[in-house]
Amino acid sequence: MTQGWRELDVGVVGGGIGGMSVAIALRRAGHKVTIYEKRDFSGEVGASVSCAANGTRWLHEWDVDVAKGDPVVLKKLINRDWKTGEPVSIYDLDDYEKRWGYVYNMFHRQYMHAMLKDTALQEEGEGQPATLLVNHSNTARHDLIVGADGIGSAVRGIIGLTPEKTPSEQSCLHANVSTEDVVRLGLVDYSEDAALEYWGGQEGKWDKIVLSPCNGGKLLSYYCFFPRAVGDYTTQSWGVEDRPVKELLAPYPELDRQVFEHLKIGKEVQPWRLWVHQPYPYITRAQVALLGDAGHPMMPHQSQGACMAIEDAAALGILFSKKYFNGDIAESLAVYQEIRLPRVTRVQSAAARAAYNINERIGFSNNKNLALYNVEDEKNKLTIEEMNAYDMYKDVEEQLAKKRNTPYTEKYLQGLPIGLALPNGVVIGAA
Ligand SMILES: Cc1cc2nc3c(=O)[nH]c(=O)nc-3n(C[C@H](O)[C@H](O)[C@H](O)COP(=O)(O)OP(=O)(O)OC[C@H]3O[C@@H](n4cnc5c(N)ncnc54)[C@H](O)[C@@H]3O)c2cc1C
């Protein structure tokens with residue numbers, strides 16, 4: 001144990017994906033955690049959430065019972081032609097687990113949340129169970145506050161941040177389609193592909209359909225994007241009354257009819273309001289740290305929002321662990337910001353680029369031999385390698401060594417192995 005380590009009384013504001021994750025990470029690190037949640041999780045409409053290897057690795061490290069999340073383990077990323085539905089770019093995930101040690105899971109949001117909540121609150125597991133207070137409104141004092149209160153974060157305002165944000169030029173409606181209905185009606189059963197599938201995205205337009213199977217393949221979760229000029233949902237929130245299916249179909253007169261038939265039987269059609277936030281200049285202040293969407297909301301086009309919240313949680317868990325925390329909260333939070341801000345900002349800007357160019361999306365960004373391939377700046381594109389080869393422990397050790405004026409001799413730079421050649425031509429550590 002590091003000299004000076006002490007148990008902290010931590011208050012987590014927000015009990016979503018990130019809040020539950022940080023409760024798990026911090027209870028395992030030996031701290032007392034109380035989660036304050038504004039709502040009570042009832043009446044949530046389902047949608048899929050993907051969890052690539054960089055998120056899945058922490059679920060395993062934290063002994064989360066992943067089977068409870070009833071995931072689909074993805075086998076492919078498929079990009080299809082907008083009109084014909086023919087595949088135009090495929091990224092195979094056959095060797096994904098072998099290369100990165102963990103699978104690419106697709107969860108249903110509610111199942112994923114329940115799985116994390118159980119791990120945070122249950123008696124079993126390392127550390128003391130976290131306490132959850134729902135429908136909460138009160139004042140409390142804690143040694144450390146984690147603002148995990150999502151995209152509309154109140155904690156963010158309290159630490160003096162005013163987001164510079166604009167409504168996206170893109171709108172999104174989400175719909176659920178049951179695989180049972182698809183089979184009964186004799187439609188194409190996309191669940192058999194176990195793939196994250198995209199229609200469009202090569203045309204430099206805002207239109208795109210994203211299909212992700214979840215609940216062991218029983219549910220097809222559709223994210224349907226179109227220009228905001230065609231339908232503006234920027235002021236509507238998720239969880240309101242369902243939109244009529246005709247609104248979902250209207251923007252797509254030319255869409256591949258096979259997937260269009262799926263949308264026709266879509267249920268629980270909900271708007272997902274999309275705002276583009278510029279990166280915040282800081283994510284910590286005094287004893288407060290922002291985490292997940294509160295600290296770095298991003299467009300959904302890299303499917304990394306949940307993974308980034310999980311990584312934030314992992315970083316706090318490591319920094320406040322018996323191995324690294326010496327009692328100086330300010331030092332730990334300074335390192336948290338140093339390791340998290342550059343990484344999340346990079347994903348945030350790559351997510352904005354992938355909104356209108358699918359070749360910028362991790363995975364497809366490696367398919368550079370295809371005729372349709374083009375990216376804004378080859379050297380700057382986001383790659384699967386930097387997401388999954390990242391070693392957070394090494395990053396923490398490097399930054400702590402700088403703070404403590406101690407030597408750091410590992411052959412890693414910001415968590416990536418020196419000499420690693422990325423598909424964008426960048427070699428880690430090369431001048
Ligand atoms: C429809 C949809 C689909 C998505 N799909 C994907 C995907 O495929 N892949 C992916 O990686 N990401 C996806 N995301 C994004 C992902 O869900 C978020 O990035 C992730 O949940 C971030 O977690 P969070 O804890 O920061 O925020 P949230 O999970 O939104 O949790 C915030 C919590 O804080 C609570 N809260 C808010 N204000 C207060 C307050 N003042 N006091 C107390 N509690 C408060 C809220 O009620 C909520 O429970 C999706 C998001 C949505 C909405």
# chains A, B, ... in the order shown; residues from 1 in each chain; ligands from 1

call {"tool": "residues_around", "arguments": {"residues": "Ala154 of chain A", "least_positions_apart": "4", "cutoff": "12 Å", "atoms": "only C-alpha atoms", "output": "list in words"}}
result
Val13, Gly14, Lys38, Val146, Gly147, Ala148, Asp149, Gly150, Ile158, Ile159, Gly160, Leu161, Thr162, Pro163, Leu290, Asp293, Ala294 and Gly295 of chain A

call {"tool": "write_last_selection", "arguments": {"atoms": "N, CA and C atoms", "output": "short mmCIF file (atom, residue, chain, number, x, y, z; two decimals), in the first residue's frame"}}
result
data_model
loop_
_atom_site.label_atom_id
_atom_site.label_comp_id
_atom_site.auth_asym_id
_atom_site.auth_seq_id
_atom_site.Cartn_x
_atom_site.Cartn_y
_atom_site.Cartn_z
N VAL A 13 -22.50 11.76 -8.48
CA VAL A 13 -23.77 12.38 -8.90
C VAL A 13 -24.13 11.79 -10.26
N GLY A 14 -25.22 11.03 -10.30
CA GLY A 14 -25.64 10.37 -11.54
C GLY A 14 -25.35 8.88 -11.48
N LYS A 38 -30.92 11.20 -9.94
CA LYS A 38 -32.08 12.07 -10.02
C LYS A 38 -33.38 11.29 -10.27
N VAL A 146 -17.76 12.90 -7.88
CA VAL A 146 -17.66 12.55 -9.29
C VAL A 146 -18.95 12.99 -9.97
N GLY A 147 -18.82 13.88 -10.93
CA GLY A 147 -19.98 14.35 -11.69
C GLY A 147 -20.20 13.41 -12.87
N ALA A 148 -21.13 12.46 -12.68
CA ALA A 148 -21.44 11.50 -13.75
C ALA A 148 -22.88 11.69 -14.15
N ASP A 149 -23.29 12.96 -14.24
CA ASP A 149 -24.70 13.26 -14.45
C ASP A 149 -25.05 13.58 -15.90
N GLY A 150 -24.30 12.96 -16.80
CA GLY A 150 -24.71 12.93 -18.21
C GLY A 150 -24.54 14.24 -18.96
N ILE A 158 -21.43 23.76 -11.95
CA ILE A 158 -20.95 24.13 -10.61
C ILE A 158 -19.43 24.33 -10.61
N ILE A 159 -18.72 23.59 -11.46
CA ILE A 159 -17.26 23.79 -11.50
C ILE A 159 -16.87 24.83 -12.56
N GLY A 160 -17.85 25.59 -13.03
CA GLY A 160 -17.54 26.77 -13.83
C GLY A 160 -17.44 26.56 -15.33
N LEU A 161 -17.93 25.42 -15.82
CA LEU A 161 -17.84 25.19 -17.27
C LEU A 161 -19.16 25.53 -17.94
N THR A 162 -19.08 26.31 -19.00
CA THR A 162 -20.26 26.57 -19.82
C THR A 162 -19.98 25.98 -21.19
N PRO A 163 -20.71 24.93 -21.58
CA PRO A 163 -20.40 24.28 -22.84
C PRO A 163 -20.57 25.21 -24.05
N LEU A 290 -15.26 15.34 -13.46
CA LEU A 290 -16.36 14.99 -14.37
C LEU A 290 -16.01 13.68 -15.06
N ASP A 293 -20.37 11.43 -20.22
CA ASP A 293 -20.98 12.50 -21.02
C ASP A 293 -20.94 13.86 -20.32
N ALA A 294 -20.88 13.87 -19.01
CA ALA A 294 -20.78 15.15 -18.28
C ALA A 294 -19.50 15.88 -18.66
N GLY A 295 -18.44 15.11 -18.90
CA GLY A 295 -17.13 15.72 -19.16
C GLY A 295 -16.75 15.80 -20.62
#

call {"tool": "select_by_dssp", "arguments": {"residues": "segment 162-196 of chain A", "states": "alpha helix (DSSP H)", "output": "number ranges by chain"}}
result
A: 179-184

call {"tool": "select_by_dssp", "arguments": {"residues": "segment 20-266 of chain A", "states": "strand (DSSP E or B)", "output": "NGL selection string"}}
result
:A and (32-37 or 48-51 or 72-73 or 76-80 or 87-92 or 105-108 or 131-134 or 144-147 or 165-167 or 170-178 or 195-199 or 208-214 or 219-227)

call {"tool": "residues_around", "arguments": {"residues": "Leu220 of chain A", "least_positions_apart": "5", "cutoff": "8 Å", "atoms": "only C-alpha atoms", "output": "VMD selection string"}}
result
chain A and resid 176 to 179 191 211 to 214

call {"tool": "write_last_selection", "arguments": {"atoms": "C-alpha atoms", "output": "PDB file, in the first residue's frame"}}
result
ATOM      1  CA  ASN A 176     -36.651  -1.143 -32.022  1.00  0.00           C
ATOM      2  CA  VAL A 177     -37.510  -4.086 -34.273  1.00  0.00           C
ATOM      3  CA  SER A 178     -38.123  -7.550 -32.874  1.00  0.00           C
ATOM      4  CA  THR A 179     -36.339 -10.382 -34.650  1.00  0.00           C
ATOM      5  CA  SER A 191     -29.568 -10.839 -36.516  1.00  0.00           C
ATOM      6  CA  LEU A 211     -28.359  -1.440 -37.012  1.00  0.00           C
ATOM      7  CA  SER A 212     -27.112  -3.095 -33.845  1.00  0.00           C
ATOM      8  CA  PRO A 213     -28.452  -6.424 -32.648  1.00  0.00           C
ATOM      9  CA  CYS A 214     -28.720  -6.895 -28.871  1.00  0.00           C
TER      10      CYS A 214
END

call {"tool": "atom_distance", "arguments": {"atom1": "atom CA of Arg343 of chain A", "atom2": "atom CA of Asn54 of chain A"}}
result
12.3 Å

call {"tool": "atom_distance", "arguments": {"atom1": "atom CA of Tyr104 of chain A", "atom2": "atom CA of Ala52 of chain A"}}
result
4.3 Å

call {"tool": "atom_distance", "arguments": {"atom1": "atom CA of Ala289 of chain A", "atom2": "atom CA of Ala313 of chain A"}}
result
10.5 Å

call {"tool": "closest_residue", "arguments": {"among": "A:Pro342, A:Gly305, A:Gly127, A:Gly425", "to": "ligand 1", "atoms": "only C-alpha atoms and all ligand atoms"}}
result
A:Gly305

call {"tool": "residues_around", "arguments": {"residues": "segment 245-262 of chain A", "least_positions_apart": "5", "cutoff": "6 Å", "atoms": "only C-alpha atoms", "output": "PDB file with N, CA and C atoms, in the first residue's frame"}}
result
ATOM      1  N   TRP A  82     -26.365   2.468 -49.826  1.00  0.00           N
ATOM      2  CA  TRP A  82     -27.627   3.078 -49.388  1.00  0.00           C
ATOM      3  C   TRP A  82     -28.835   2.531 -50.145  1.00  0.00           C
ATOM      4  N   LYS A  83     -28.682   2.369 -51.480  1.00  0.00           N
ATOM      5  CA  LYS A  83     -29.856   1.998 -52.283  1.00  0.00           C
ATOM      6  C   LYS A  83     -30.010   0.487 -52.458  1.00  0.00           C
ATOM      7  N   THR A  84     -28.886  -0.215 -52.639  1.00  0.00           N
ATOM      8  CA  THR A  84     -28.994  -1.648 -52.951  1.00  0.00           C
ATOM      9  C   THR A  84     -28.821  -2.537 -51.719  1.00  0.00           C
ATOM     10  N   GLY A  85     -28.201  -2.012 -50.690  1.00  0.00           N
ATOM     11  CA  GLY A  85     -27.940  -2.834 -49.497  1.00  0.00           C
ATOM     12  C   GLY A  85     -26.737  -3.751 -49.662  1.00  0.00           C
TER      13      GLY A  85
END

call {"tool": "closest_residue", "arguments": {"among": "A:Tyr36, A:Trp199, A:Tyr280, A:Tyr356", "to": "ligand 1", "atoms": "only C-alpha atoms and all ligand atoms"}}
result
A:Tyr36

call {"tool": "residues_around", "arguments": {"residues": "Met299 of chain A", "least_positions_apart": "5", "cutoff": "8 Å", "atoms": "only C-alpha atoms", "output": "number ranges by chain"}}
result
A: 274-276, 348, 351-352, 355

call {"tool": "write_last_selection", "arguments": {"atoms": "N, CA and C atoms", "output": "JSON list (two decimals), in the first residue's frame"}}
result
[["chain", "number", "residue", "atom", "x", "y", "z"],
["A", 274, "LEU", "N", -29.15, 15.56, -30.83],
["A", 274, "LEU", "CA", -27.70, 15.56, -31.03],
["A", 274, "LEU", "C", -27.16, 16.99, -31.01],
["A", 275, "TRP", "N", -26.27, 17.22, -30.07],
["A", 275, "TRP", "CA", -25.60, 18.52, -29.98],
["A", 275, "TRP", "C", -24.10, 18.28, -30.05],
["A", 276, "VAL", "N", -23.43, 19.16, -30.75],
["A", 276, "VAL", "CA", -21.97, 19.05, -30.84],
["A", 276, "VAL", "C", -21.35, 19.94, -29.78],
["A", 348, "GLN", "N", -13.72, 12.19, -29.47],
["A", 348, "GLN", "CA", -14.81, 13.15, -29.70],
["A", 348, "GLN", "C", -14.71, 13.75, -31.11],
["A", 351, "ALA", "N", -15.42, 11.20, -33.77],
["A", 351, "ALA", "CA", -16.85, 10.87, -33.83],
["A", 351, "ALA", "C", -17.59, 11.92, -34.67],
["A", 352, "ALA", "N", -17.18, 13.18, -34.54],
["A", 352, "ALA", "CA", -17.82, 14.25, -35.34],
["A", 352, "ALA", "C", -17.52, 14.05, -36.83],
["A", 355, "ALA", "N", -19.53, 11.29, -38.55],
["A", 355, "ALA", "CA", -20.97, 11.57, -38.74],
["A", 355, "ALA", "C", -21.31, 11.63, -40.23]]

call {"tool": "residues_around", "arguments": {"residues": "Asp395 of chain A", "least_positions_apart": "4", "cutoff": "9 Å", "atoms": "only C-alpha atoms", "output": "list in words"}}
result
Ile339, Tyr390, Asp391, Gln399, Leu400, Tyr412, Leu413, Gln414, Gly415 and Leu416 of chain A

call {"tool": "write_last_selection", "arguments": {"atoms": "N, CA and C atoms", "output": "compact mmCIF listing (two decimals), in the first residue's frame"}}
result
# COMPACT_ATOMS: atom_id res chain seq x y z
N ILE A 339 -4.49 12.28 -18.31
CA ILE A 339 -4.58 11.09 -19.16
C ILE A 339 -5.91 11.01 -19.91
N TYR A 390 -4.03 0.34 -25.93
CA TYR A 390 -3.77 1.32 -24.86
C TYR A 390 -3.68 0.63 -23.50
N ASP A 391 -2.61 0.93 -22.76
CA ASP A 391 -2.43 0.37 -21.42
C ASP A 391 -2.55 1.51 -20.41
N GLN A 399 2.55 9.46 -15.99
CA GLN A 399 2.15 10.80 -15.54
C GLN A 399 2.43 11.00 -14.05
N LEU A 400 2.24 9.95 -13.25
CA LEU A 400 2.55 10.07 -11.82
C LEU A 400 4.05 10.27 -11.61
N TYR A 412 6.68 2.71 -23.01
CA TYR A 412 5.33 3.14 -23.40
C TYR A 412 5.26 4.65 -23.38
N LEU A 413 4.52 5.21 -24.32
CA LEU A 413 4.31 6.65 -24.34
C LEU A 413 2.81 6.89 -24.28
N GLN A 414 2.37 7.59 -23.29
CA GLN A 414 0.94 7.84 -23.07
C GLN A 414 0.11 6.56 -23.22
N GLY A 415 0.64 5.49 -22.67
CA GLY A 415 -0.09 4.22 -22.63
C GLY A 415 0.04 3.36 -23.87
N LEU A 416 0.73 3.86 -24.90
CA LEU A 416 0.88 3.05 -26.12
C LEU A 416 2.33 2.58 -26.26

call {"tool": "residues_around", "arguments": {"residues": "Ala309 of chain A", "least_positions_apart": "5", "cutoff": "7 Å", "atoms": "only C-alpha atoms", "output": "list in words"}}
result
Gly18, Leu291 and Gly292 of chain A

call {"tool": "write_last_selection", "arguments": {"atoms": "C-alpha atoms", "output": "tab-separated table (two decimals), in the first residue's frame"}}
result
chain	number	residue	atom	x	y	z
A	18	GLY	CA	-20.57	5.93	-15.97
A	291	LEU	CA	-16.84	11.62	-15.98
A	292	GLY	CA	-18.56	10.28	-19.11

call {"tool": "closest_residue", "arguments": {"among": "A:His296, A:Arg353, A:Lys205, A:Arg80", "to": "ligand 1", "atoms": "only C-alpha atoms and all ligand atoms"}}
result
A:His296

call {"tool": "closest_residue", "arguments": {"among": "A:Gly200, A:Pro271, A:Pro71, A:Gly101", "to": "ligand 1", "atoms": "only C-alpha atoms and all ligand atoms"}}
result
A:Pro271

call {"tool": "closest_residue", "arguments": {"among": "A:Phe364, A:Trp272, A:Phe226, A:Tyr393", "to": "ligand 1", "atoms": "only C-alpha atoms and all ligand atoms"}}
result
A:Trp272
